[in-house]
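*Asks:* Here you go, one structure.
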Amino acid sequence: MNSDDATVYPAGADDPPAARSAAGSATRAIPDPDVVLLERLAAARERVELEVAKQVVGQKEIIELLLIAILAGGHALLVGVPGLAKTLLVSSLARSLRLKFSRVQFTPDLMPSDITGTEIIEENVATGRRGFRFVRGPIFANVVLADEINRTPPKTQAALLQAMQELEVTVGGVTYSLDRPFFVLATQNPIELEGTYPLPEAQLDRFMLEARITYPSPEEEREVAGRMTSDQMEAVEPVLSGAELLEFQGLIRRVPVAPSLVRLAVQLCRASRPEAEEAPDFIRRWVNWGVGPRGTQHLVLAAKARAALDGRAMPDYEDVHAVALPALRHRMVTNFEAEADGQSAEDIIRRLLDLSQEWI
């Protein structure tokens with residue numbers, strides 16, 4: 001699906017009829033191979049959820065958010081208190097994708113070379129000469145689980161920055177490319193502050209989504225208690241290959257977006273910046289720094305991925321609203337006045353979403 005295949009609407013023109021649910025018209029605007037890909041993606045999503053459900057009870061919304069990030073080529077931060085199966089969820093999802101998986105347990109003494117790899121001196125037995133050989137670290141995988149990422153100092157956290165943004169690692173002056181696809185899925189404990197190092201804003205901004213995992217319902221917890229204490233756990237079977245994921249990632253980039261949807265995403269992000277003309281009074285009062293342009297891009301990409309996961313060829317306003325909180329809340333920096341008034345970044349974004357009804 002290239003720019004010649006999709007329907008183009010002139011600037012200032014109205015969106016196509018029924019823009020809120022324009023999947024039908026969008027399907028006619030894309031080539032047949034991409035329609036088939038959409039159907040394959042929707043079917044694959046169901047199979048992945050079934051496989052993950054063999055070991056993880058419930059958490060369908062979190063699984064959807066992680067899949068959105070993966071399909072859009074982004075990274076995700078999974079936040080939740082201990083014991084909610086964050087690590088199990090990520091590892092089960094990785095196994096369902098038939099990808100190389102590595103887990104890094106972040107600790108205060110973890111060094112950058114423990115992530116990226118290091119050069120060692122090696123002697124050639126035949127010649128007796130010594131030379132350096134690079135030993136790859138766990139970052140050289142398709143899915144990297146950064147477990148409890150806030151337990152390691154900023155110097156080590158920064159070792160992920162180049163990999164997450166540039167998909168490459170530089171060690172000893174030599175740059176090594178990472179395999180595609182590549183995702184960092186990090187977990188974080190939000191309540192235990194002793195011995196932790198909050199992620200710097202620059203690194204938070206590189207996570208496409210922040211998914212907040214909550215306690216299970218009573219029914220789900222009963223199932224967890226029964227299933228996890230038995231010896232009959234089912235193994236997760238792989239569903240998708242790396243090549244298929246790359247194919248789906250290309251599809252997400254080709255999904256068309258209505259001009260009004262792009263305007264909505266831009267308006268939401270600009271309104272979060274206290275210095276912008278579009279900012280309402282409560283933003284100027286409670287926010288120090290709003291969402292940057294990377295957040296706008298990630299919001300649109302996440303909406304496209306959410307629509308494609310459902311087999312829809314075009315996102316609608318519901319998709320933007322559904323992904324706005326996980327895409328934006330970790331990018332907003334509130335001030336002391338917001339804390340005094342009991343307003344979190346999530347509360348402020350909800351108020352912006354309420355206002356957005358007037359922009360549509």
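Going through the structure tokens in order, the chains are called A, B, and so on, while each chain numbers its residues from 1 and the ligands are numbered from 1 in the order shown.
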Find the residues near Glu166 (chain A): any atom within 12 Å, counting only C-alpha atoms, skip ones fewer than 3 places away on the same chain, and give them as a PyMOL selection string.

*Replies:* chain A and resi 74+159-163+169-170+175-180+182-183+206

*Asks:* Using only N, CA and C atoms, please write the residues we just selected to a file, as a PDB file, in the first residue's frame.

*Replies:*
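Result went into result_10.pdb, see below:
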```
ATOM      1  N   GLY A  74       7.705  -0.426  18.260  1.00  0.00           N
ATOM      2  CA  GLY A  74       8.090   0.358  19.429  1.00  0.00           C
ATOM      3  C   GLY A  74       8.458  -0.518  20.607  1.00  0.00           C
ATOM      4  N   ALA A 159      22.627   2.518  28.554  1.00  0.00           N
ATOM      5  CA  ALA A 159      23.152   1.558  27.589  1.00  0.00           C
ATOM      6  C   ALA A 159      22.059   1.073  26.644  1.00  0.00           C
ATOM      7  N   LEU A 160      20.813   1.200  27.080  1.00  0.00           N
ATOM      8  CA  LEU A 160      19.692   0.795  26.236  1.00  0.00           C
ATOM      9  C   LEU A 160      19.298   1.856  25.225  1.00  0.00           C
ATOM     10  N   LEU A 161      19.682   3.122  25.483  1.00  0.00           N
ATOM     11  CA  LEU A 161      19.179   4.227  24.667  1.00  0.00           C
ATOM     12  C   LEU A 161      19.507   4.069  23.190  1.00  0.00           C
ATOM     13  N   GLN A 162      20.771   3.821  22.879  1.00  0.00           N
ATOM     14  CA  GLN A 162      21.162   3.694  21.478  1.00  0.00           C
ATOM     15  C   GLN A 162      20.475   2.503  20.823  1.00  0.00           C
ATOM     16  N   ALA A 163      20.391   1.406  21.566  1.00  0.00           N
ATOM     17  CA  ALA A 163      19.751   0.220  21.010  1.00  0.00           C
ATOM     18  C   ALA A 163      18.274   0.467  20.727  1.00  0.00           C
ATOM     19  N   VAL A 169      24.412  -0.990  18.459  1.00  0.00           N
ATOM     20  CA  VAL A 169      25.199  -0.886  19.685  1.00  0.00           C
ATOM     21  C   VAL A 169      26.638  -0.577  19.291  1.00  0.00           C
ATOM     22  N   THR A 170      27.256   0.361  20.008  1.00  0.00           N
ATOM     23  CA  THR A 170      28.653   0.715  19.759  1.00  0.00           C
ATOM     24  C   THR A 170      29.499   0.298  20.955  1.00  0.00           C
ATOM     25  N   THR A 175      30.501  -0.235  15.695  1.00  0.00           N
ATOM     26  CA  THR A 175      29.042  -0.258  15.776  1.00  0.00           C
ATOM     27  C   THR A 175      28.507  -1.570  15.216  1.00  0.00           C
ATOM     28  N   TYR A 176      27.657  -2.214  16.005  1.00  0.00           N
ATOM     29  CA  TYR A 176      27.056  -3.487  15.611  1.00  0.00           C
ATOM     30  C   TYR A 176      25.550  -3.297  15.449  1.00  0.00           C
ATOM     31  N   SER A 177      25.006  -3.751  14.347  1.00  0.00           N
ATOM     32  CA  SER A 177      23.564  -3.654  14.113  1.00  0.00           C
ATOM     33  C   SER A 177      22.846  -4.777  14.841  1.00  0.00           C
ATOM     34  N   LEU A 178      21.668  -4.467  15.346  1.00  0.00           N
ATOM     35  CA  LEU A 178      20.842  -5.466  16.017  1.00  0.00           C
ATOM     36  C   LEU A 178      19.929  -6.141  15.006  1.00  0.00           C
ATOM     37  N   ASP A 179      19.578  -7.368  15.307  1.00  0.00           N
ATOM     38  CA  ASP A 179      18.674  -8.105  14.426  1.00  0.00           C
ATOM     39  C   ASP A 179      17.285  -7.478  14.454  1.00  0.00           C
ATOM     40  N   ARG A 180      16.590  -7.571  13.321  1.00  0.00           N
ATOM     41  CA  ARG A 180      15.192  -7.152  13.250  1.00  0.00           C
ATOM     42  C   ARG A 180      14.308  -8.385  13.235  1.00  0.00           C
ATOM     43  N   PHE A 182      13.240  -5.958  16.659  1.00  0.00           N
ATOM     44  CA  PHE A 182      13.871  -5.758  17.955  1.00  0.00           C
ATOM     45  C   PHE A 182      12.942  -4.956  18.856  1.00  0.00           C
ATOM     46  N   PHE A 183      12.705  -5.496  20.059  1.00  0.00           N
ATOM     47  CA  PHE A 183      11.829  -4.823  21.013  1.00  0.00           C
ATOM     48  C   PHE A 183      12.432  -4.905  22.411  1.00  0.00           C
ATOM     49  N   ARG A 206      11.367   7.165  24.893  1.00  0.00           N
ATOM     50  CA  ARG A 206      11.639   6.164  23.868  1.00  0.00           C
ATOM     51  C   ARG A 206      10.738   4.949  23.985  1.00  0.00           C
TER      52      ARG A 206
END
```

*Asks:* DSSP on the backbone: what in region 57-107 of chain A comes out strand (DSSP E), as a list of chain:residue names?

*Replies:*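 DSSP-assigned strand (DSSP E) residues in region 57-107 of chain A: A:Ala76, A:Leu77, A:Leu78, A:Val79, A:Phe101, A:Ser102, A:Arg103, A:Val104, A:Gln105.
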
*Asks:* Write out as a PDB file with C-alpha atoms, in the first residue's frame all residues of region 71-142 of chain A that DSSP puts in alpha helix (DSSP H) for this structure's backbone.

*Replies:*
```pdb
ATOM      1  CA  LEU A  71       3.534  -4.330  15.641  1.00  0.00           C
ATOM      2  CA  LYS A  86       4.690  -9.076  34.554  1.00  0.00           C
ATOM      3  CA  THR A  87       7.770 -11.163  33.771  1.00  0.00           C
ATOM      4  CA  LEU A  88       5.710 -14.260  32.953  1.00  0.00           C
ATOM      5  CA  LEU A  89       3.506 -12.225  30.611  1.00  0.00           C
ATOM      6  CA  VAL A  90       6.465 -10.863  28.637  1.00  0.00           C
ATOM      7  CA  SER A  91       8.282 -14.202  28.431  1.00  0.00           C
ATOM      8  CA  SER A  92       5.076 -16.014  27.375  1.00  0.00           C
ATOM      9  CA  LEU A  93       4.430 -13.419  24.682  1.00  0.00           C
ATOM     10  CA  ALA A  94       8.004 -13.780  23.421  1.00  0.00           C
ATOM     11  CA  ARG A  95       7.637 -17.562  23.214  1.00  0.00           C
ATOM     12  CA  SER A  96       4.447 -17.176  21.185  1.00  0.00           C
ATOM     13  CA  SER A 113      28.875  -4.090  29.264  1.00  0.00           C
ATOM     14  CA  ASP A 114      26.641  -6.667  30.963  1.00  0.00           C
ATOM     15  CA  ILE A 115      23.947  -5.557  28.508  1.00  0.00           C
ATOM     16  CA  THR A 116      25.782  -4.656  25.325  1.00  0.00           C
TER      17      THR A 116
END
```

*Asks:* Hey, which of A:Met233, A:Leu251, A:Leu145, A:Ala158 ends up closest to Val35 (chain A)? Count only C-alpha atoms.

*Replies:*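 Looking at the shortest contact to Val35 (chain A), the residue is A:Leu251.
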
*Asks:* Please indicate the distance in Å from CA of Arg294 (chain A) to CA of Arg212 (chain A), rounded to one decimal place.

*Replies:*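 Atom-to-atom, CA of Arg294 (chain A) and CA of Arg212 (chain A) are spaced 20.5 Å apart.
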
*Asks:* Contacts of Asp281 (chain A) at 12 Å or less, counting only C-alpha atoms, minus same-chain residues fewer than 4 places along, as a CSV table (one decimal) with N, CA and C atoms, in the first residue's frame?

*Replies:*
```
chain,number,residue,atom,x,y,z
A,271,ALA,N,-1.8,20.6,23.1
A,271,ALA,CA,-2.5,21.1,24.2
A,271,ALA,C,-1.9,20.7,25.5
A,272,SER,N,-1.1,19.7,25.5
A,272,SER,CA,-0.4,19.3,26.8
A,272,SER,C,0.8,20.1,27.1
A,273,ARG,N,1.2,21.0,26.2
A,273,ARG,CA,2.4,21.9,26.5
A,273,ARG,C,2.0,23.2,27.0
A,274,PRO,N,2.4,23.6,28.2
A,274,PRO,CA,2.0,24.8,28.9
A,274,PRO,C,2.3,26.1,28.1
A,275,GLU,N,3.4,26.0,27.3
A,275,GLU,CA,3.7,27.2,26.5
A,275,GLU,C,3.0,27.4,25.2
A,276,ALA,N,2.2,26.4,24.8
A,276,ALA,CA,1.5,26.4,23.5
A,276,ALA,C,0.2,27.2,23.6
A,277,GLU,N,-0.2,27.9,22.5
A,277,GLU,CA,-1.4,28.6,22.5
A,277,GLU,C,-2.6,27.8,22.7
A,285,ARG,N,-1.3,25.4,34.6
A,285,ARG,CA,-1.2,25.4,36.1
A,285,ARG,C,-0.5,24.2,36.6
A,286,TRP,N,-0.7,23.0,36.0
A,286,TRP,CA,-0.2,21.8,36.6
A,286,TRP,C,0.9,21.1,35.8
A,287,VAL,N,1.3,21.6,34.6
A,287,VAL,CA,2.3,20.8,33.8
A,287,VAL,C,3.5,21.7,33.6
A,348,ILE,N,-4.8,14.4,34.1
A,348,ILE,CA,-4.7,15.6,33.2
A,348,ILE,C,-5.0,15.1,31.8
A,351,ARG,N,-8.6,14.7,31.2
A,351,ARG,CA,-9.3,16.0,31.1
A,351,ARG,C,-9.1,16.5,29.6
A,352,LEU,N,-7.9,16.3,29.1
A,352,LEU,CA,-7.7,16.7,27.7
A,352,LEU,C,-8.6,15.9,26.7
```

*Asks:* Quick one: residues within 12 Å of Leu325 (chain A), only C-alpha atoms counted, chain neighbours fewer than 3 positions away excluded, as a PyMOL selection string?

*Replies:* chain A and resi 65+208-212+268-269+291+295+298-299+302-303+319-322+328-332+344-353

*Asks:* Under the rule that only C-alpha atoms are counted, which of A:Pro181, A:Pro326, A:Pro280, A:Gly173 is the nearest residue to Leu97 (chain A)?

*Replies:*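 Answer, going by the shortest atom-to-atom distance: A:Pro181.
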